[in-house]
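File shown: final37.tsv (TSV, C-alpha atoms).
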chain	number	residue	atom	x	y	z
W	805	MET	CA	13.71	-18.20	1.96
W	806	ARG	CA	16.84	-20.27	1.38
W	807	VAL	CA	16.19	-23.87	2.39
W	808	CYS	CA	19.22	-25.32	4.15
W	809	ASP	CA	19.81	-29.04	3.91
W	810	GLN	CA	22.00	-29.11	7.00
W	811	ARG	CA	20.37	-27.72	10.16
W	812	ASN	CA	21.05	-28.33	13.84
W	813	LEU	CA	18.26	-29.38	16.21
W	814	ILE	CA	17.29	-25.84	17.18
W	815	GLN	CA	17.16	-24.78	13.54
W	816	GLU	CA	15.04	-27.83	12.74
W	817	ILE	CA	12.56	-26.88	15.47
W	818	LEU	CA	12.40	-23.23	14.38
W	819	PHE	CA	11.95	-24.28	10.74
W	820	PHE	CA	9.11	-26.64	11.69
W	821	VAL	CA	7.32	-24.04	13.81
W	822	ARG	CA	7.66	-21.16	11.33
W	823	TRP	CA	7.36	-22.83	7.94
W	824	GLN	CA	5.23	-25.86	8.73
W	825	LEU	CA	3.11	-25.74	11.91
W	826	TRP	CA	2.37	-22.00	11.83
W	827	LEU	CA	1.45	-22.00	8.14
W	828	VAL	CA	-0.81	-25.02	8.63
W	829	LEU	CA	-2.67	-23.25	11.44
W	830	LEU	CA	-3.10	-20.12	9.34
W	831	SER	CA	-4.42	-22.14	6.42
W	832	LEU	CA	-7.17	-23.96	8.33
W	833	PRO	CA	-9.98	-21.61	7.19
W	834	TYR	CA	-9.02	-22.27	3.56
W	835	HIS	CA	-9.15	-26.02	4.09
W	836	VAL	CA	-12.56	-25.74	5.76
W	837	ALA	CA	-13.81	-23.74	2.77
W	838	PHE	CA	-12.32	-26.36	0.43
W	839	CYS	CA	-14.32	-29.05	2.23
W	840	ALA	CA	-17.53	-26.98	2.21
W	841	ARG	CA	-17.35	-26.61	-1.56
W	842	GLY	CA	-17.88	-30.36	-1.75
W	843	LEU	CA	-21.42	-30.10	-0.38
W	844	GLY	CA	-23.72	-31.25	-3.15
W	845	ASP	CA	-20.79	-32.09	-5.44
W	846	ARG	CA	-21.24	-35.65	-6.67
W	847	ARG	CA	-17.69	-35.90	-8.03
W	848	THR	CA	-15.80	-35.15	-4.84
W	849	GLY	CA	-18.26	-34.56	-2.01
W	850	PHE	CA	-17.69	-33.13	1.44
W	851	TRP	CA	-16.16	-36.20	3.07
W	852	LYS	CA	-13.80	-36.99	0.22
W	853	ARG	CA	-12.62	-33.38	0.28
W	854	ALA	CA	-12.30	-33.45	4.07
W	855	HIS	CA	-10.14	-36.58	3.87
W	856	LEU	CA	-7.99	-34.99	1.17
W	857	ALA	CA	-7.64	-31.74	3.12
W	858	GLY	CA	-6.50	-33.66	6.19
W	859	GLN	CA	-3.92	-35.56	4.15
W	860	VAL	CA	-2.61	-32.32	2.62
W	861	LEU	CA	-2.17	-30.74	6.05
W	862	TRP	CA	-0.44	-33.85	7.38
W	863	ILE	CA	1.97	-33.86	4.43
W	864	HIS	CA	2.89	-30.23	5.10
W	865	LEU	CA	3.76	-31.17	8.68
W	866	ARG	CA	5.81	-34.21	7.65
W	867	ILE	CA	7.77	-32.97	4.61
W	868	PRO	CA	9.66	-29.65	4.37
W	869	CYS	CA	7.78	-27.63	1.75
W	870	ILE	CA	8.74	-24.37	0.05
W	871	HIS	CA	5.15	-23.33	-0.59
W	872	ALA	CA	2.28	-22.26	1.64
W	873	PRO	CA	-0.54	-24.79	2.21
W	874	GLY	CA	-3.08	-22.45	0.64
W	875	GLU	CA	-1.04	-22.25	-2.55
W	876	LEU	CA	-1.10	-25.99	-3.18
W	877	LEU	CA	-4.75	-26.14	-2.14
W	878	ALA	CA	-5.58	-23.70	-4.96
W	879	ILE	CA	-3.91	-26.03	-7.47
W	880	ILE	CA	-5.60	-29.08	-5.94
W	881	GLU	CA	-8.97	-27.33	-6.30
W	882	GLU	CA	-8.27	-26.86	-9.99
W	883	VAL	CA	-7.22	-30.50	-10.45
W	884	VAL	CA	-10.23	-32.08	-8.72
W	885	THR	CA	-12.69	-29.84	-10.57
W	886	LEU	CA	-11.29	-30.35	-14.09
W	887	PRO	CA	-14.12	-31.46	-16.39
W	888	ALA	CA	-14.05	-35.20	-16.97
W	889	SER	CA	-14.45	-34.46	-20.68
W	890	MET	CA	-11.14	-32.58	-20.75
W	891	PRO	CA	-8.24	-34.92	-21.54
W	892	GLY	CA	-4.80	-34.50	-20.08
W	893	VAL	CA	-2.25	-35.23	-17.40
W	894	ILE	CA	-1.03	-33.00	-14.56
W	895	VAL	CA	2.56	-31.75	-14.92
W	896	GLU	CA	4.78	-30.54	-12.08
W	897	CYS	CA	8.15	-28.97	-12.85
W	898	GLY	CA	10.31	-28.60	-9.74
W	899	CYS	CA	9.43	-30.82	-6.78
W	900	TYR	CA	12.16	-30.28	-4.13
W	901	GLN	CA	11.63	-33.05	-1.52
W	902	GLY	CA	8.25	-34.17	-2.86
W	903	GLY	CA	5.83	-32.37	-0.54
W	904	SER	CA	3.96	-30.78	-3.43
W	905	THR	CA	4.25	-34.02	-5.40
W	906	ALA	CA	2.65	-36.08	-2.64
W	907	LYS	CA	-0.22	-33.58	-2.36
W	908	LEU	CA	-0.79	-33.39	-6.11
W	909	SER	CA	-0.67	-37.18	-6.44
W	910	LEU	CA	-3.66	-37.48	-4.09
W	911	ALA	CA	-5.60	-34.93	-6.15
W	912	ALA	CA	-4.59	-36.63	-9.39
W	913	ARG	CA	-5.86	-39.96	-8.07
W	914	ILE	CA	-9.26	-38.45	-7.25
W	915	ALA	CA	-9.36	-36.84	-10.71
W	916	ASN	CA	-8.29	-40.14	-12.33
W	917	ARG	CA	-5.29	-38.50	-14.00
W	918	GLN	CA	-1.57	-39.13	-14.20
W	919	LEU	CA	0.92	-36.79	-12.53
W	920	ILE	CA	4.18	-36.29	-14.43
W	921	VAL	CA	6.95	-34.87	-12.25
W	922	CYS	CA	9.92	-33.22	-13.97
W	923	ASP	CA	13.07	-32.26	-12.08
W	924	SER	CA	16.84	-32.32	-12.57
W	925	PHE	CA	17.27	-33.65	-9.00
W	926	GLN	CA	20.50	-31.64	-9.01
W	927	GLY	CA	19.02	-28.39	-7.74
W	928	LEU	CA	18.85	-25.17	-9.72
W	929	PRO	CA	21.08	-24.61	-12.75
W	930	GLN	CA	23.37	-21.59	-12.76
W	931	PRO	CA	21.17	-18.47	-12.39
W	932	GLY	CA	21.60	-15.68	-14.93
W	933	MET	CA	22.15	-12.02	-14.24
W	934	SER	CA	18.47	-11.40	-15.06
W	935	ASP	CA	17.47	-13.55	-12.07
W	936	ARG	CA	18.90	-11.12	-9.54
W	937	VAL	CA	16.24	-9.21	-7.61
W	938	ASP	CA	16.98	-6.26	-5.33
W	939	GLU	CA	16.29	-6.92	-1.63
W	940	LYS	CA	15.94	-10.67	-2.19
W	941	GLU	CA	18.55	-13.34	-1.57
W	942	ALA	CA	20.07	-14.48	-4.84
W	943	PHE	CA	19.56	-18.07	-5.95
W	944	GLN	CA	22.66	-20.21	-6.47
W	945	SER	CA	23.43	-23.24	-8.57
W	946	GLY	CA	22.41	-26.39	-6.69
W	947	ASP	CA	19.81	-24.70	-4.47
W	948	PHE	CA	16.82	-26.92	-3.57
W	949	ALA	CA	18.56	-30.11	-4.66
W	950	SER	CA	16.94	-33.40	-3.69
W	951	ARG	CA	17.41	-37.04	-4.60
W	952	LEU	CA	14.87	-38.92	-6.69
W	953	GLU	CA	14.90	-41.71	-4.11
W	954	GLU	CA	13.96	-39.24	-1.37
W	955	VAL	CA	11.02	-37.87	-3.37
W	956	GLU	CA	9.83	-41.37	-4.26
W	957	ARG	CA	9.99	-42.39	-0.60
W	958	ASN	CA	7.99	-39.36	0.52
W	959	VAL	CA	5.34	-39.98	-2.14
W	960	ARG	CA	5.08	-43.66	-1.18
W	961	ARG	CA	4.60	-42.74	2.47
W	962	HIS	CA	2.20	-39.84	2.10
W	963	GLY	CA	0.86	-39.70	-1.46
W	964	ASN	CA	-0.27	-42.06	-4.20
W	965	PRO	CA	2.75	-43.36	-6.15
W	966	ASP	CA	0.57	-45.33	-8.58
W	967	VAL	CA	-0.37	-42.17	-10.54
W	968	VAL	CA	3.13	-40.64	-10.63
W	969	ARG	CA	5.68	-40.76	-13.43
W	970	TYR	CA	9.10	-39.12	-12.99
W	971	VAL	CA	11.09	-37.41	-15.75
W	972	LEU	CA	14.68	-36.99	-14.59
W	973	GLY	CA	17.03	-34.35	-16.05
W	974	TRP	CA	17.34	-30.73	-17.19
W	975	TYR	CA	14.17	-29.38	-18.80
W	976	GLN	CA	15.87	-28.45	-22.06
W	977	GLU	CA	16.83	-32.10	-22.52
W	978	THR	CA	13.82	-33.95	-21.12
W	979	LEU	CA	10.55	-32.08	-21.67
W	980	ASP	CA	10.41	-33.17	-25.30
W	981	GLN	CA	9.34	-36.54	-23.84
W	982	LEU	CA	5.96	-34.95	-23.11
W	983	SER	CA	5.40	-33.90	-26.71
W	984	GLY	CA	2.04	-35.12	-27.95
W	985	ILE	CA	0.68	-35.76	-24.44
W	986	ASP	CA	-2.42	-33.73	-23.57
W	987	ILE	CA	-1.86	-31.58	-20.48
W	988	ALA	CA	-4.74	-30.39	-18.29
W	989	CYS	CA	-2.88	-28.48	-15.57
W	990	VAL	CA	0.72	-27.39	-14.92
W	991	PHE	CA	2.60	-26.28	-11.81
W	992	LEU	CA	5.93	-24.54	-12.46
W	993	ASP	CA	8.10	-24.04	-9.38
W	994	VAL	CA	11.40	-23.56	-11.19
W	995	ASP	CA	12.54	-20.17	-9.81
W	996	LEU	CA	14.57	-18.91	-12.80
W	997	GLU	CA	13.59	-16.94	-15.91
W	998	GLU	CA	15.36	-19.28	-18.32
W	999	SER	CA	13.74	-22.35	-16.73
W	1000	ILE	CA	10.27	-20.78	-17.03
W	1001	THR	CA	10.97	-19.93	-20.67
W	1002	VAL	CA	12.12	-23.47	-21.48
W	1003	CYS	CA	9.08	-25.03	-19.77
W	1004	LEU	CA	6.70	-22.78	-21.70
W	1005	HIS	CA	8.49	-23.43	-24.98
W	1006	LYS	CA	8.34	-27.21	-24.51
W	1007	LEU	CA	4.89	-27.59	-22.94
W	1008	TRP	CA	2.60	-24.82	-24.21
W	1009	LYS	CA	1.44	-26.53	-27.40
W	1010	SER	CA	0.37	-29.63	-25.44
W	1011	ILE	CA	-1.67	-27.71	-22.86
W	1012	SER	CA	-5.40	-27.97	-23.47
W	1013	PRO	CA	-7.21	-24.66	-24.18
W	1014	GLY	CA	-8.73	-23.15	-21.06
W	1015	CYS	CA	-6.27	-24.90	-18.74
W	1016	LYS	CA	-4.15	-23.14	-16.13
W	1017	VAL	CA	-0.39	-22.95	-15.79
W	1018	PHE	CA	0.32	-22.22	-12.12
W	1019	VAL	CA	3.59	-20.43	-11.34
W	1020	HIS	CA	5.33	-20.10	-7.98
W	1021	ASP	CA	7.48	-17.14	-6.81
W	1022	VAL	CA	5.50	-14.54	-8.76
W	1023	ASP	CA	6.91	-11.90	-6.40
W	1024	ARG	CA	10.12	-12.17	-8.44
W	1025	PRO	CA	9.88	-10.20	-11.72
W	1026	PRO	CA	12.17	-12.63	-13.63
W	1027	VAL	CA	9.69	-15.45	-13.01
W	1028	VAL	CA	6.78	-13.66	-14.70
W	1029	ARG	CA	8.82	-11.82	-17.32
W	1030	PRO	CA	8.39	-14.56	-19.96
W	1031	PHE	CA	4.62	-14.07	-19.73
W	1032	GLN	CA	5.05	-10.37	-20.59
W	1033	ASP	CA	7.25	-10.71	-23.67
W	1034	GLN	CA	4.96	-10.16	-26.68
W	1035	GLU	CA	7.81	-10.60	-29.16
W	1036	TRP	CA	8.64	-14.02	-27.70
W	1037	TRP	CA	5.03	-15.23	-27.86
W	1038	SER	CA	4.63	-13.96	-31.39
W	1039	SER	CA	7.82	-15.62	-32.65
W	1040	HIS	CA	7.29	-18.98	-30.92
W	1041	PHE	CA	3.51	-19.43	-30.99
W	1042	ASN	CA	2.21	-16.67	-33.27
W	1043	SER	CA	-0.13	-15.61	-30.48
W	1044	PRO	CA	-0.72	-12.68	-28.14
W	1045	ILE	CA	0.45	-12.81	-24.54
W	1046	PRO	CA	-1.82	-15.16	-22.57
W	1047	PRO	CA	-3.75	-13.79	-19.57
W	1048	PHE	CA	-1.79	-13.92	-16.30
W	1049	VAL	CA	-3.34	-13.54	-12.85
W	1050	GLY	CA	-1.31	-12.64	-9.77
W	1051	SER	CA	1.81	-11.10	-11.29
W	1052	GLY	CA	3.85	-9.46	-8.54
W	1053	HIS	CA	1.28	-9.91	-5.78
W	1054	GLY	CA	-0.03	-13.48	-5.95
W	1055	LEU	CA	-3.57	-14.64	-5.38
W	1056	GLY	CA	-4.08	-13.10	-1.96
W	1057	TRP	CA	-3.37	-14.04	1.65
W	1058	GLN	CA	-1.82	-17.51	1.98
W	1059	LYS	CA	-1.32	-17.54	-1.81
W	1060	ARG	CA	0.90	-14.52	-2.24
W	1061	LEU	CA	3.62	-16.35	-4.21
W	1062	LEU	CA	1.23	-18.12	-6.58
W	1063	GLY	CA	-0.13	-16.92	-9.91
W	1064	TYR	CA	-1.40	-18.55	-13.06
W	1065	SER	CA	-1.70	-18.13	-16.77
W	1066	ILE	CA	-4.63	-19.43	-18.84
W	1067	LYS	CA	-4.20	-21.10	-22.23
W	1068	PRO	CA	-6.59	-19.19	-24.54

Starting from the file, lay out its structure as structure tokens.
Amino acid sequence: MRVCDQRNLIQEILFFVRWQLWLVLLSLPYHVAFCARGLGDRRTGFWKRAHLAGQVLWIHLRIPCIHAPGELLAIIEEVVTLPASMPGVIVECGCYQGGSTAKLSLAARIANRQLIVCDSFQGLPQPGMSDRVDEKEAFQSGDFASRLEEVERNVRRHGNPDVVRYVLGWYQETLDQLSGIDIACVFLDVDLEESITVCLHKLWKSISPGCKVFVHDVDRPPVVRPFQDQEWWSSHFNSPIPPFVGSGHGLGWQKRLLGYSIKP
């Protein structure tokens, strides 16, 4: 789906019904299950989870998102159940208008962790030839651009800005700022093979063992290709390819574009 920044009223209504309201209705069983898993859980509990689930659904209705509600709920589940003994921040690369950021900030607050949000705020860089996928619309430079001020405003209105730190710029130039910071969970929604490769190169050593790196758009082979390149992993980290779940097919209904790798 190409997200258009300029839409007339009819297009706005159709976008809301198809990509926001309809997806929220379809995701309700997943949110009920998310709440039920809080029964007997002293850390989160049913009511805290119910409040969070309601906030997540409301955010999806208020901010245009390029993910399904069930996909972010899977990441939120991981964040709120991270062991307290495991150090680390939450890292999001690629935030568009801040819908995912607002949702993750609420989970990070419950988990008592910082959320570091990395984005160029200029949209995608120039895609390479390897990013072309048959039968899918090609990405273009500048796609999914948003302004930092817009994301900050959305997070202030619907999330928890107190736990959020923004890192502005291209990943190749900015992710070194995270060197030496323990990372407990990562969400990469960066669309392009080169961007995925750069994020892995810059972040992998800081990710705590056993933690998950969630990846969006796993239906696109270029997005998961870096996780399948044994030569690259051997030369950069002297390690085998890490396990990857969901390559090509996602994590099931309502999470079909989401996969994850696990740091051994």

Fill in: Using only C-alpha atoms: which of W:Gly902, W:Gln1032, W:Gln1058, W:Gly963 has the shortest distance to Val828 in chain W
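Residue with the minimum atom-to-atom distance to Val828 in chain W: W:Gln1058.
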
Env of Leu952 in chain W: 12 Å cut, atoms = all atoms listed in the file, seq-sep filter 6 positions within chain, self excluded. Answer as a PDB file with C-alpha atoms, keeping the file's coordinate frame.
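Once written, part.pdb looks like this:
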ATOM      1  CA  GLY W 898      10.310 -28.600  -9.740  1.00  0.00           C
ATOM      2  CA  CYS W 899       9.430 -30.820  -6.780  1.00  0.00           C
ATOM      3  CA  TYR W 900      12.160 -30.280  -4.130  1.00  0.00           C
ATOM      4  CA  GLN W 901      11.630 -33.050  -1.520  1.00  0.00           C
ATOM      5  CA  GLY W 902       8.250 -34.170  -2.860  1.00  0.00           C
ATOM      6  CA  THR W 905       4.250 -34.020  -5.400  1.00  0.00           C
ATOM      7  CA  VAL W 921       6.950 -34.870 -12.250  1.00  0.00           C
ATOM      8  CA  CYS W 922       9.920 -33.220 -13.970  1.00  0.00           C
ATOM      9  CA  ASP W 923      13.070 -32.260 -12.080  1.00  0.00           C
ATOM     10  CA  SER W 924      16.840 -32.320 -12.570  1.00  0.00           C
ATOM     11  CA  PHE W 925      17.270 -33.650  -9.000  1.00  0.00           C
ATOM     12  CA  GLN W 926      20.500 -31.640  -9.010  1.00  0.00           C
ATOM     13  CA  GLY W 927      19.020 -28.390  -7.740  1.00  0.00           C
ATOM     14  CA  ASN W 958       7.990 -39.360   0.520  1.00  0.00           C
ATOM     15  CA  VAL W 959       5.340 -39.980  -2.140  1.00  0.00           C
ATOM     16  CA  ARG W 969       5.680 -40.760 -13.430  1.00  0.00           C
ATOM     17  CA  TYR W 970       9.100 -39.120 -12.990  1.00  0.00           C
ATOM     18  CA  VAL W 971      11.090 -37.410 -15.750  1.00  0.00           C
ATOM     19  CA  LEU W 972      14.680 -36.990 -14.590  1.00  0.00           C
ATOM     20  CA  GLY W 973      17.030 -34.350 -16.050  1.00  0.00           C
TER      21      GLY W 973
END

Item to complete: Give as a PyMOL selection string the set of residues within 12 Å of the point (-6.3, -17.8, -17.8), where distances use the file's coordinates and all atoms listed in the file.
Response: chain W and resi 989+1012-1018+1031+1045-1050+1063-1068

Practice prompt. Fewer than 2 positions away in the same chain doesn't count, so skip those; otherwise give me all residues within 12 Å of range 1005-1008 of chain W, counting only C-alpha atoms, as a VMD selection string.
Written response: chain W and resid 893 to 897 922 975 to 992 998 to 1003 1010 to 1017 1030 to 1031 1036 to 1037 1039 to 1041 1043 1046 1065 to 1068

Item to complete: Go through W:Asp938, W:Glu816, W:Val884, W:Trp826 one by one, measure the shortest atom-to-atom distance of each to Arg846 in chain W using all atoms listed in the file, and give the residue with the smallest value.
Response: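 Nearest to Arg846 in chain W: W:Val884.
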
Worksheet item: Using all atoms listed in the file, which of W:Leu829, W:Ile863, W:Ala911, W:Val994 sits nearest Val968 in chain W?
Response: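 Closest to Val968 in chain W of all the choices is W:Ala911.
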
Item to complete: Counting all atoms listed in the file, figure out which residue out of W:Gly903, W:Gly842, W:Pro873, W:Gly1052 gets nearest to Val1027 in chain W.
Response: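 So, comparing all the options, the nearest one is W:Gly1052.
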
Worksheet entry | Who sits within 12 Å of Glu881 in chain W, only C-alpha atoms, same chain under 4 positions skipped, as a list in words |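 Near Glu881 in chain W, the qualifying residues are Tyr834, His835, Ala837, Phe838, Cys839, Arg841, Gly842, Thr848, Arg853, Leu856, Ala857, Gly874, Glu875, Leu876, Leu877, Thr885, Leu886, Lys907, Leu908, Leu910, Ala911, Ala912, Ile914, Ala915, Cys989 and Lys1016 of chain W.
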
Discussion item. Residues within 7 Å of Pro1026 in chain W, please, as number ranges by chain. Count only C-alpha atoms; anything in the same chain fewer than 6 positions from it doesn't count.
Written reply: W: 934-935, 996-997

Restricting it to C-alpha atoms, dump the selection as a tab-separated table (two decimals), in the frame of the given file.
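Final file, part-v9.tsv:
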chain	number	residue	atom	x	y	z
W	934	SER	CA	18.47	-11.40	-15.06
W	935	ASP	CA	17.47	-13.55	-12.07
W	996	LEU	CA	14.57	-18.91	-12.80
W	997	GLU	CA	13.59	-16.94	-15.91

Discussion item. My list of candidates is W:Gly849, W:Gly1056, W:Pro868, W:Gly844. Which is closest to Leu825 in chain W when distances are computed with only C-alpha atoms?
Written reply: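 For Leu825 in chain W, the nearest of the candidates is W:Pro868.
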
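Proximity of W:His864, W:Trp823, W:Trp974, W:Val836 to Trp851 in chain W, computed with all atoms listed in the file, is greatest for W:Val836.
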
Worksheet, complete the sentence: Expressed in Å, the length from CA of Asp966 in chain W to CA of Ala854 in chain W is 21.6 Å

Fill in: Between CA of Ile814 in chain W and CA of Arg866 in chain W, distance in Å (one decimal)
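If I compute the distance from CA of Ile814 in chain W to CA of Arg866 in chain W, I get 17.1 Å.
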
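Across the structure, CA of Val883 in chain W and CA of Leu919 in chain W are spaced 10.5 Å apart.
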